[in-house]
>>> print(open('target06.txt').read())   # compact mmCIF, C-alpha atoms
# COMPACT_ATOMS: atom_id res chain seq x y z
CA MET N 3 -18.23 -51.55 -12.41
CA LEU N 4 -16.46 -48.20 -12.20
CA SER N 5 -19.55 -46.58 -10.67
CA ARG N 6 -19.77 -49.28 -7.98
CA GLN N 7 -16.07 -48.88 -7.27
CA SER N 8 -16.53 -45.14 -6.85
CA THR N 9 -19.45 -45.71 -4.47
CA ALA N 10 -17.46 -48.16 -2.33
CA ARG N 11 -14.53 -45.76 -2.24
CA GLN N 12 -16.81 -42.95 -1.09
CA ASP N 13 -17.96 -45.16 1.82
CA ARG N 14 -14.31 -45.62 2.84
CA ILE N 15 -13.68 -41.87 2.56
CA ASP N 16 -16.68 -41.13 4.78
CA ARG N 17 -15.44 -43.56 7.43
CA LEU N 18 -11.89 -42.19 7.27
CA GLN N 19 -13.11 -38.60 7.62
CA GLN N 20 -15.18 -39.54 10.65
CA ARG N 21 -12.13 -41.21 12.16
CA VAL N 22 -9.94 -38.16 11.51
CA GLN N 23 -12.55 -35.86 13.07
CA GLN N 24 -12.75 -38.11 16.14
CA LEU N 25 -8.97 -38.09 16.54
CA GLN N 26 -8.81 -34.32 16.14
CA SER N 27 -11.45 -33.84 18.83
CA GLN N 28 -9.58 -36.00 21.38
CA LYS N 29 -7.31 -34.33 23.92
CA PRO N 30 -5.03 -37.05 25.32
CA GLU N 31 -3.10 -36.40 28.50
CA GLY N 32 0.63 -36.86 28.65
CA LEU N 33 3.32 -36.26 26.06
CA ARG N 34 3.56 -39.91 25.01
CA ALA N 35 -0.17 -40.18 24.38
CA GLN N 36 -0.17 -36.92 22.43
CA ARG N 37 2.67 -38.11 20.20
CA ALA N 38 0.91 -41.43 19.61
CA GLN N 39 -2.27 -39.60 18.65
CA GLU N 40 -0.34 -37.30 16.30
CA ARG N 41 1.31 -40.30 14.56
CA LEU N 42 -2.05 -42.04 14.19
CA LEU N 43 -3.65 -38.86 12.85
CA GLN N 44 -0.87 -38.43 10.29
CA THR N 45 -1.32 -42.04 9.15
CA GLN N 46 -5.09 -41.66 8.82
CA ASN N 47 -4.66 -38.42 6.87
CA ARG N 48 -2.25 -40.07 4.45
CA VAL N 49 -4.69 -42.92 3.83
CA LEU N 50 -7.55 -40.43 3.43
CA GLN N 51 -5.62 -38.32 0.94
CA ARG N 52 -4.74 -41.41 -1.11
CA GLU N 53 -8.39 -42.50 -1.24
CA GLN N 54 -9.43 -38.98 -2.21
CA ARG N 55 -6.92 -38.88 -5.07
CA LEU N 56 -8.14 -42.25 -6.32
CA GLN N 57 -11.73 -41.03 -6.08
CA GLN N 58 -10.86 -38.02 -8.22
CA THR N 59 -9.30 -40.34 -10.79
CA ASP N 60 -12.42 -42.54 -10.81
CA GLN N 61 -14.71 -39.55 -11.28
CA ALA N 62 -12.55 -38.17 -14.11
CA ARG N 63 -12.80 -41.54 -15.88
CA LEU N 64 -16.56 -41.59 -15.37
CA GLN N 65 -16.80 -38.15 -16.91
CA ARG N 66 -14.76 -39.22 -19.96
CA LEU N 67 -17.00 -42.26 -20.43
CA ALA N 68 -20.20 -40.24 -20.18
CA PRO N 69 -22.01 -39.45 -23.44
CA PRO N 70 -21.29 -35.94 -24.77
CA PRO N 71 -23.98 -33.35 -24.08
CA SER N 72 -26.35 -32.45 -26.90
CA ALA N 73 -26.22 -29.07 -28.62
CA GLU N 74 -29.36 -28.05 -26.73
CA GLN N 75 -27.79 -29.03 -23.39
CA ARG N 76 -24.59 -27.13 -24.19
CA SER N 77 -26.56 -24.05 -25.16
CA ALA N 78 -28.65 -24.16 -21.97
CA ALA N 79 -25.55 -24.68 -19.83
CA THR N 80 -23.75 -21.77 -21.48
CA ALA N 81 -26.75 -19.46 -20.93
CA ALA N 82 -27.03 -20.51 -17.28
CA ALA N 83 -23.32 -19.97 -16.64
CA GLN N 84 -23.35 -16.56 -18.32
CA ALA N 85 -26.37 -15.55 -16.23
CA ALA N 86 -24.52 -16.68 -13.14
CA ALA N 87 -21.48 -14.62 -14.08
CA ARG N 88 -23.63 -11.48 -14.45
CA GLY N 89 -25.31 -11.95 -11.08
CA ARG N 90 -22.30 -12.27 -8.78
CA PHE N 91 -20.80 -9.88 -6.26
CA ALA N 92 -17.75 -9.34 -8.47
CA ALA N 93 -19.57 -9.03 -11.80
CA GLN N 94 -18.73 -5.33 -12.18
CA PHE N 95 -15.05 -5.88 -11.51
CA ARG N 96 -14.32 -8.32 -14.28
CA SER N 97 -11.60 -6.74 -16.34
CA ASN N 98 -11.91 -5.99 -20.05
CA ASP N 99 -8.18 -5.38 -20.26
CA ALA N 100 -6.26 -8.49 -21.35
CA LEU N 101 -3.01 -7.62 -19.54
CA GLN N 102 -4.80 -6.78 -16.30
CA ALA N 103 -6.83 -10.01 -16.53
CA ARG N 104 -3.72 -12.14 -17.00
CA THR N 105 -1.91 -10.35 -14.18
CA ALA N 106 -4.80 -10.88 -11.78
CA LEU N 107 -5.14 -14.52 -12.79
CA MET N 108 -1.43 -15.04 -12.13
CA ALA N 109 -1.74 -13.46 -8.68
CA ARG N 110 -4.65 -15.70 -7.72
CA GLU N 111 -3.14 -18.93 -9.05
CA ASN N 112 0.23 -18.34 -7.39
CA GLY N 113 -1.44 -17.58 -4.09
CA TRP N 114 0.52 -14.41 -3.43
CA ALA N 115 -0.07 -12.58 -0.19
CA PRO N 116 -1.11 -8.95 -0.78
CA ARG N 117 2.11 -7.32 0.41
CA HIS N 118 4.17 -9.83 -1.56
CA ALA N 119 2.08 -9.10 -4.65
CA TRP N 120 2.57 -5.34 -4.25
CA ARG N 121 6.35 -5.73 -4.17
CA ARG N 122 6.17 -7.55 -7.50
CA GLY N 123 4.01 -4.82 -9.01
CA HIS N 124 0.75 -6.76 -8.88
CA ARG N 125 -2.45 -5.68 -7.21
CA ALA N 126 -3.77 -7.80 -4.38
CA ALA N 127 -6.19 -10.62 -5.16
CA PHE N 128 -8.29 -12.76 -2.88
CA VAL N 129 -6.78 -16.25 -2.63
CA ALA N 130 -9.49 -18.69 -1.60
CA TRP N 131 -7.48 -21.88 -1.11
CA LEU N 132 -3.81 -22.79 -0.86
CA GLY N 133 -3.56 -26.55 -0.57
CA PRO N 134 -5.93 -27.67 2.20
CA VAL N 135 -6.01 -24.23 3.85
CA PHE N 136 -8.91 -21.88 3.21
CA TRP N 137 -8.07 -18.17 3.04
CA PRO N 138 -4.34 -18.79 3.50
CA TYR N 139 -3.40 -15.13 3.83
CA ALA N 140 -6.20 -14.12 6.17
CA TYR N 141 -3.80 -12.68 8.75
CA SER N 142 -2.07 -10.50 6.19
CA ASP N 143 -5.28 -9.61 4.37
CA ILE N 144 -7.11 -8.39 7.45
CA PHE N 145 -4.43 -6.29 9.05
CA SER N 146 -2.68 -5.02 5.94
CA TYR N 147 -6.04 -3.80 4.65
CA THR N 148 -6.41 -1.94 7.93
CA PHE N 149 -3.25 0.06 7.14
CA TRP N 150 -3.05 0.03 3.33
CA PRO N 151 -6.60 -0.29 1.92
CA TYR N 152 -6.09 1.23 -1.51
CA ALA N 153 -3.38 -1.26 -2.48
CA TYR N 154 -6.08 -3.90 -2.73
CA ASP N 155 -8.03 -4.74 -5.84
CA PRO N 156 -11.22 -2.66 -5.56
CA GLY N 157 -13.32 -5.80 -5.95
CA TYR N 158 -11.38 -7.77 -3.34
CA TRP N 159 -14.27 -8.41 -0.99
CA ALA N 160 -16.68 -9.07 -3.82
CA TYR N 161 -14.42 -11.91 -4.98
CA ALA N 162 -14.06 -13.10 -1.38
CA TYR N 163 -17.83 -13.38 -0.99
CA ASP N 164 -18.22 -15.17 -4.32
CA ASP N 165 -15.48 -17.69 -3.56
CA PHE N 166 -16.85 -18.25 -0.07
CA VAL N 167 -20.27 -19.22 -1.41
CA ASP N 168 -19.10 -21.05 -4.51
CA THR N 169 -16.62 -23.42 -2.91
CA VAL N 170 -19.32 -24.84 -0.63
CA PHE N 171 -20.96 -26.36 -3.72
CA TRP N 172 -18.33 -26.49 -6.44
CA GLY N 173 -15.02 -27.03 -4.72
CA THR N 174 -11.88 -25.22 -5.85
CA ASP N 175 -11.81 -26.02 -9.59
CA SER N 176 -15.28 -25.20 -10.80
CA PRO N 177 -16.06 -24.15 -14.36
CA TYR N 178 -18.87 -22.04 -12.94
CA SER N 179 -16.41 -20.05 -10.84
CA ALA N 180 -14.43 -19.00 -13.89
CA TYR N 181 -15.70 -15.44 -13.78
CA ALA N 182 -13.97 -15.05 -10.43
CA ARG N 183 -10.71 -16.38 -11.83
CA TYR N 184 -10.23 -13.60 -14.37
CA PRO N 185 -10.68 -15.51 -17.65
CA GLU N 186 -9.50 -13.87 -20.85
CA PRO N 187 -11.83 -10.99 -21.78
CA GLY N 188 -14.44 -12.11 -24.24
CA ALA N 189 -13.97 -15.82 -23.50
CA ALA N 190 -17.10 -17.82 -22.75
CA ILE N 191 -17.49 -18.96 -19.18
CA THR N 192 -17.68 -22.56 -20.37
CA ASP N 193 -14.30 -22.17 -22.11
CA PHE N 194 -12.69 -22.32 -18.67
CA ARG N 195 -10.65 -25.44 -17.94
CA ALA N 196 -9.80 -26.31 -14.38
CA ARG N 197 -6.07 -26.34 -13.75
CA GLY N 198 -6.30 -28.63 -10.75
CA ARG N 199 -5.11 -27.96 -7.27
CA ALA N 200 -1.93 -25.89 -7.10
CA SER N 201 1.00 -27.65 -5.48
CA VAL N 202 1.97 -26.24 -2.10
CA SER N 203 5.34 -26.73 -0.50
CA PRO N 204 5.54 -27.89 3.12
CA GLN N 205 7.62 -24.79 3.87
CA THR N 206 4.81 -22.50 2.69
CA LEU N 207 2.23 -24.27 4.83
CA ARG N 208 4.58 -24.22 7.83
CA GLN N 209 4.91 -20.44 7.51
CA LEU N 210 1.18 -19.90 7.09
CA CYS N 211 0.20 -22.21 9.92
CA GLY N 212 3.19 -21.95 12.25
CA ASP N 213 4.31 -18.34 11.84
CA PRO N 214 1.51 -16.32 10.21
CA ASP N 215 3.02 -13.08 11.53
CA LYS N 216 6.43 -13.61 9.90
CA GLY N 217 7.80 -12.97 6.42
CA VAL N 218 5.42 -11.53 3.84
CA THR N 219 2.54 -11.65 6.30
CA ALA N 220 4.29 -9.58 8.98
CA TRP N 221 2.79 -6.36 10.29
CA PRO N 222 4.29 -3.11 8.99
CA ILE N 223 5.46 -2.03 12.47
CA ALA N 224 8.63 -0.43 11.09
CA GLU N 225 6.63 1.60 8.56
CA ILE N 226 4.25 2.76 11.28
CA THR N 227 7.17 3.80 13.49
CA ARG N 228 8.83 5.80 10.69
CA ALA N 229 5.59 7.54 9.75
CA VAL N 230 4.31 8.35 13.24
CA GLN N 231 7.61 8.86 15.12
CA PRO N 232 6.02 7.90 18.45
CA THR N 233 6.88 9.42 21.78
CA PRO N 234 8.14 7.08 24.53
CA GLU N 235 4.60 6.74 25.89
CA GLN N 236 3.25 6.04 22.41
CA ARG N 237 6.09 3.58 21.80
CA ALA N 238 4.89 1.56 24.79
CA LEU N 239 1.39 1.46 23.32
CA LEU N 240 2.82 0.43 19.94
CA ASP N 241 4.67 -2.41 21.69
CA GLU N 242 1.33 -3.49 23.17
CA LEU N 243 -0.16 -3.42 19.68
CA LYS N 244 2.72 -5.55 18.41
CA ALA N 245 2.16 -8.04 21.24
CA ALA N 246 -1.55 -8.17 20.41
CA ALA N 247 -0.66 -8.87 16.79
CA ALA N 248 1.52 -11.81 17.85
CA LYS N 249 -1.28 -13.12 20.07
CA ALA N 250 -3.71 -12.81 17.18
CA ALA N 251 -1.34 -14.84 15.01
CA ASP N 252 -1.51 -17.68 17.51
CA VAL N 253 -5.23 -18.22 16.91
CA PHE N 254 -4.52 -19.05 13.25
CA LYS N 255 -2.27 -21.96 14.14
CA GLU N 256 -5.20 -24.10 15.26
CA SER N 257 -7.32 -23.32 12.19
CA CYS N 258 -4.99 -24.77 9.54
CA ALA N 259 -6.06 -28.07 8.01
CA ASP N 260 -3.55 -30.72 6.98
CA SER N 261 -5.90 -32.69 4.74
CA TYR N 262 -8.17 -31.64 1.90
CA ALA N 263 -11.87 -31.31 2.63
CA MET N 264 -13.47 -33.22 -0.22
CA THR N 265 -17.13 -33.03 0.82
CA PRO N 266 -19.28 -29.88 0.77
CA PRO N 267 -19.96 -30.07 4.54
CA GLY N 268 -16.23 -30.57 5.16
CA ARG N 269 -15.30 -27.58 2.99
CA LEU N 270 -17.79 -25.40 4.81
CA ARG N 271 -16.37 -26.41 8.20
CA ALA N 272 -12.84 -25.67 7.02
CA MET N 273 -13.98 -22.23 5.86
CA THR N 274 -15.90 -21.59 9.08
CA ASN N 275 -12.86 -22.45 11.22
CA ARG N 276 -10.69 -19.96 9.35
CA VAL N 277 -13.26 -17.16 9.39
CA SER N 278 -13.90 -17.73 13.09
CA ALA N 279 -10.16 -17.57 13.83
CA THR N 280 -9.85 -14.38 11.78
CA LEU N 281 -12.73 -12.73 13.63
CA GLU N 282 -11.18 -13.69 16.96
CA ALA N 283 -7.86 -12.18 15.84
CA VAL N 284 -9.55 -8.89 14.93
CA ARG N 285 -11.18 -8.73 18.34
CA ILE N 286 -7.82 -9.35 20.03
CA VAL N 287 -6.09 -6.54 18.16
CA ARG N 288 -8.82 -3.93 18.09
CA PRO N 289 -8.49 -2.59 21.70
CA ALA N 290 -4.72 -2.14 21.36
CA LEU N 291 -5.07 -0.43 17.97
CA GLU N 292 -7.74 1.95 19.28
CA GLN N 293 -5.62 2.85 22.31
CA PHE N 294 -2.52 3.52 20.21
CA TYR N 295 -4.41 5.51 17.57
CA ASN N 296 -6.20 7.64 20.17
CA SER N 297 -2.85 8.55 21.72
CA LEU N 298 -1.66 10.21 18.48
CA ASN N 299 -1.97 13.91 17.77
CA ASP N 300 -3.66 15.17 14.62
CA GLU N 301 -0.44 15.33 12.60
CA GLN N 302 0.54 11.78 13.58
CA LYS N 303 -2.94 10.48 12.77
CA ALA N 304 -2.76 12.08 9.33
CA ARG N 305 0.58 10.37 8.63
CA PHE N 306 -0.74 7.06 9.96
CA ASN N 307 -3.84 7.32 7.76
CA ALA N 308 -1.65 7.96 4.70
CA LEU N 309 0.45 4.79 5.08
CA GLY N 310 0.75 2.49 2.11
CA PRO N 311 2.31 2.00 -1.31
CA ASN N 312 1.20 3.96 -4.33
CA VAL N 313 -0.14 1.18 -6.56
CA GLY N 314 -0.81 2.49 -10.06
CA ASP N 315 -1.89 6.00 -10.99
CA ARG N 316 -4.90 6.54 -8.76
CA SER N 317 -6.43 9.95 -8.48
CA GLN N 318 -7.81 11.19 -5.17
CA GLN N 319 -11.31 10.55 -6.42
CA GLN N 320 -10.69 7.03 -7.72
CA PRO N 321 -10.82 5.13 -4.39
CA GLN N 322 -14.23 6.62 -3.65
CA GLN N 323 -15.45 5.82 -7.16
CA GLU N 324 -14.28 2.25 -6.78
CA ALA N 325 -15.96 1.95 -3.39
CA ASN N 326 -19.21 3.24 -4.87
CA ALA N 327 -18.96 0.69 -7.69
CA GLN N 328 -18.40 -2.08 -5.16
CA ALA N 329 -21.38 -0.98 -3.08
CA GLU N 330 -23.53 -0.95 -6.21
CA ALA N 331 -22.37 -4.46 -7.12
CA CYS N 332 -23.18 -5.70 -3.63
CA GLY N 333 -26.67 -4.23 -3.81
CA ASP N 334 -27.63 -6.01 -7.04
CA PRO N 335 -29.69 -9.23 -6.83
CA LYS N 336 -27.55 -12.33 -6.19
CA SER N 337 -30.03 -15.09 -6.95
CA SER N 338 -27.63 -16.80 -9.36
CA LEU N 339 -25.19 -17.51 -6.53
CA THR N 340 -27.66 -20.17 -5.34
CA GLN N 341 -29.84 -20.82 -8.35
CA LEU N 342 -27.17 -22.42 -10.56
CA PRO N 343 -25.67 -24.81 -7.98
CA ILE N 344 -29.11 -25.93 -6.77
CA GLU N 345 -30.13 -26.64 -10.36
CA ARG N 346 -26.94 -28.63 -10.97
CA ILE N 347 -27.37 -30.58 -7.71
CA GLU N 348 -30.90 -31.53 -8.76
CA ALA N 349 -29.68 -32.64 -12.19
CA VAL N 350 -26.75 -34.70 -10.87
CA VAL N 351 -27.99 -36.02 -7.52
CA ARG N 352 -31.65 -36.42 -8.59
CA PRO N 353 -33.11 -36.01 -5.08
CA ALA N 354 -36.54 -37.39 -4.25
CA GLY N 355 -38.92 -37.24 -1.32
CA GLU N 356 -37.22 -36.03 1.86
CA GLN N 357 -34.06 -35.34 -0.12
CA LYS N 358 -35.91 -32.82 -2.28
CA GLU N 359 -37.40 -31.17 0.82
CA ALA N 360 -33.93 -30.95 2.39
CA LEU N 361 -32.51 -29.43 -0.79
CA ASP N 362 -35.30 -26.83 -0.83
CA ARG N 363 -34.40 -25.87 2.75
CA LEU N 364 -30.72 -25.64 1.78
CA SER N 365 -31.67 -23.33 -1.11
CA ASP N 366 -33.70 -21.10 1.21
CA VAL N 367 -31.01 -20.71 3.88
CA THR N 368 -28.31 -20.11 1.26
CA LYS N 369 -30.35 -17.24 -0.15
CA LYS N 370 -30.66 -15.88 3.40
CA ALA N 371 -26.90 -16.19 3.88
CA VAL N 372 -26.17 -14.33 0.64
CA ALA N 373 -28.55 -11.57 1.71
CA GLY N 374 -26.55 -11.26 4.93
CA LEU N 375 -23.34 -10.86 2.93
CA GLN N 376 -25.02 -8.17 0.83
CA ALA N 377 -25.93 -6.23 3.97
CA ALA N 378 -22.28 -6.27 5.09
CA CYS N 379 -20.93 -4.87 1.82
CA PRO N 380 -19.17 -1.56 2.40
CA ASP N 381 -20.72 1.73 1.34
CA ASP N 382 -17.29 3.37 1.36
CA VAL N 383 -13.71 2.84 2.52
CA PRO N 384 -13.25 4.25 6.06
CA LEU N 385 -10.49 6.83 6.29
CA THR N 386 -8.87 5.62 9.53
CA PRO N 387 -7.26 2.28 10.47
CA VAL N 388 -9.68 1.88 13.37
CA GLY N 389 -12.65 2.47 11.08
CA ARG N 390 -11.32 -0.04 8.54
CA LEU N 391 -10.85 -2.67 11.25
CA ASP N 392 -14.47 -2.06 12.33
CA ALA N 393 -15.61 -2.60 8.74
CA MET N 394 -13.52 -5.76 8.54
CA GLU N 395 -15.12 -7.11 11.70
CA LYS N 396 -18.58 -6.48 10.24
CA ARG N 397 -17.73 -8.41 7.07
CA LEU N 398 -16.23 -11.31 9.00
CA LYS N 399 -19.29 -11.55 11.22
CA ALA N 400 -21.48 -11.67 8.12
CA MET N 401 -19.37 -14.48 6.63
CA LEU N 402 -19.47 -16.46 9.88
CA GLU N 403 -23.23 -16.02 10.26
CA ALA N 404 -23.71 -17.07 6.63
CA ALA N 405 -21.68 -20.22 7.20
CA GLU N 406 -23.57 -21.10 10.37
CA TRP N 407 -26.93 -20.66 8.65
CA VAL N 408 -25.95 -22.95 5.79
CA GLN N 409 -24.08 -25.63 7.78
CA ASP N 410 -27.07 -27.24 9.48
CA ALA N 411 -29.16 -27.40 6.31
CA LEU N 412 -26.20 -28.71 4.31
CA ASP N 413 -25.47 -31.42 6.87
CA LYS N 414 -29.09 -32.56 6.89
CA PHE N 415 -29.31 -32.66 3.09
CA TYR N 416 -26.01 -34.53 2.82
CA ALA N 417 -27.12 -37.08 5.42
CA THR N 418 -30.14 -38.04 3.28
CA LEU N 419 -27.98 -38.99 0.28
CA SER N 420 -26.85 -42.46 -0.69
CA SER N 421 -23.15 -43.19 -1.21
CA GLU N 422 -23.59 -42.87 -4.97
CA GLN N 423 -25.34 -39.51 -4.59
CA LYS N 424 -22.64 -38.29 -2.19
CA ALA N 425 -19.94 -39.22 -4.68
CA ARG N 426 -21.71 -37.20 -7.37
CA PHE N 427 -22.28 -34.21 -5.09
CA ASN N 428 -18.68 -34.24 -3.83
CA THR N 429 -17.33 -34.00 -7.38
CA LEU N 430 -20.06 -31.82 -8.85
CA PRO N 431 -17.74 -29.77 -11.14
CA GLN N 432 -16.16 -32.89 -12.64
CA VAL N 433 -19.35 -34.94 -13.05
CA ALA N 434 -21.72 -32.23 -14.24
CA SER N 435 -20.92 -31.47 -17.85
CA PRO N 436 -21.59 -27.79 -18.62
>>> encode(input="target06.txt", output="structure tokens")
Amino acid sequence: MLSRQSTARQDRIDRLQQRVQQLQSQKPEGLRAQRAQERLLQTQNRVLQREQRLQQTDQARLQRLAPPPSAEQRSAATAAAQAAARGRFAAQFRSNDALQARTALMARENGWAPRHAWRRGHRAAFVAWLGPVFWPYAYSDIFSYTFWPYAYDPGYWAYAYDDFVDTVFWGTDSPYSAYARYPEPGAAITDFRARGRASVSPQTLRQLCGDPDKGVTAWPIAEITRAVQPTPEQRALLDELKAAAAKAADVFKESCADSYAMTPPGRLRAMTNRVSATLEAVRIVRPALEQFYNSLNDEQKARFNALGPNVGDRSQQQPQQEANAQAEACGDPKSSLTQLPIERIEAVVRPAGEQKEALDRLSDVTKKAVAGLQAACPDDVPLTPVGRLDAMEKRLKAMLEAAEWVQDALDKFYATLSSEQKARFNTLPQVASP
């Protein structure tokens, strides 16, 4: 009975998501029509969110009613999860220090923007989701890294790549993503317990989506001015850079989602929209940054390059050592990024015939996408803001290409599934006992 109820609810969720997508794609003319569409969209989103919450409750009940796994199954699951943890981009950055692990976990779970984290004495951490918004601090992350690269956790982009790949399959509360959430040192991966989706205030989302260049995500224009002491001509170029930054912030306003993406194809589209907006923002800002930087004399460039807080006791050699470690981690094989989720999908969805062929194609293109991310891993940290923005653009392009490669294969595989199979795939972390 409960399984049939879950299947029927998934059918309603699919129809509601299609309706929401149709409404979002429409461009009505006239203020009255636009307001009517907005009210209808808000109503549909509320209904969709309610159905999604009920679906989560149903799946949690199904999991509790399922028979407990055997000792052999638990042992195999533990071995698979540990192998997955060793084969990720961020494997070499997992902390063995208990205090550092707890601090990093706190930063990720509270969703702190990098500059906000620094002020509180915490190192920056990649925040994958905040409510329904993927990469909530993308604006701050991209441009603050351009100016203050060594204030970031040295494994920042390794975690970003892992989260990007993982959330396509597992969602945001996966036991298999525990290694990326800084579990206590020495704890087994399967000891991880999902904490659920963090609550997000409307005010926070309004800032992220409406004013991404304000507050803790604002550009450090004042710091740049104090360090460089620009001439009147350079001040005009800095004003142009500030205007470009504001224009770049505008592109993020259209990429914020107001409802949770509960299906793997929906999550991937939400991620793609944010990465695409971030790449567009970089391309808007880059010409103005290059022009301003090229106008500086050698002394001004040196002061500009040295911007940023002193986070911790880092020697002059440490940033390069950390960059080398990150490059080494990126170069290691990453088969477990795809192997574990594909194995779990097969076990839970039980594909057959054309479904199995579609899943094989999805596995192949995901491996290709991960290889593309590996190729974009940095060999070092560029010494100039312009060089760091170039590196950032390369990484963003790799993420966007990876998403585009996977999207078509994921859509085709998902389309072959029955409603029951979709319900199991959508809630893979909850249904699949480790």
>>> closest_residue(input="target06.txt", among="N:Glu403, N:Glu356, N:Glu395, N:Glu242", to="N:Thr274", atoms="only C-alpha atoms")
N:Glu403
>>> atom_distance(input="target06.txt", atom1="atom CA of N:Asp300", atom2="atom CA of N:Trp221")
22.9 Å
>>> closest_residue(input="target06.txt", among="N:Val135, N:Ile347, N:Leu43, N:Leu291", to="N:Ile226", atoms="only C-alpha atoms")
N:Leu291
>>> atom_distance(input="target06.txt", atom1="atom CA of N:Glu53", atom2="atom CA of N:Ile15")
6.5 Å
>>> closest_residue(input="target06.txt", among="N:Ser365, N:Ser278, N:Gln12, N:Thr148", to="N:Phe254", atoms="all atoms listed in the file")
N:Ser278
>>> atom_distance(input="target06.txt", atom1="atom CA of N:Ala248", atom2="atom CA of N:Ser146")
14.3 Å
>>> residues_around(input="target06.txt", residues="stretch 389-393 of chain N", least_positions_apart="5", cutoff="12 Å", atoms="only C-alpha atoms", output="PyMOL selection string")
chain N and resi 143-152+159+280-281+283-292+295+307+377-384+398-400
>>> closest_residue(input="target06.txt", among="N:Leu375, N:Val230, N:Ala304, N:Val351", to="N:Leu339", atoms="all atoms listed in the file")
N:Leu375
>>> closest_residue(input="target06.txt", among="N:Leu298, N:Ala411, N:Ala263, N:Ala246", to="N:Gln231", atoms="all atoms listed in the file")
N:Leu298
>>> closest_residue(input="target06.txt", among="N:Arg426, N:Asp413, N:Pro387, N:Met401", to="N:Val350", atoms="only C-alpha atoms")
N:Arg426
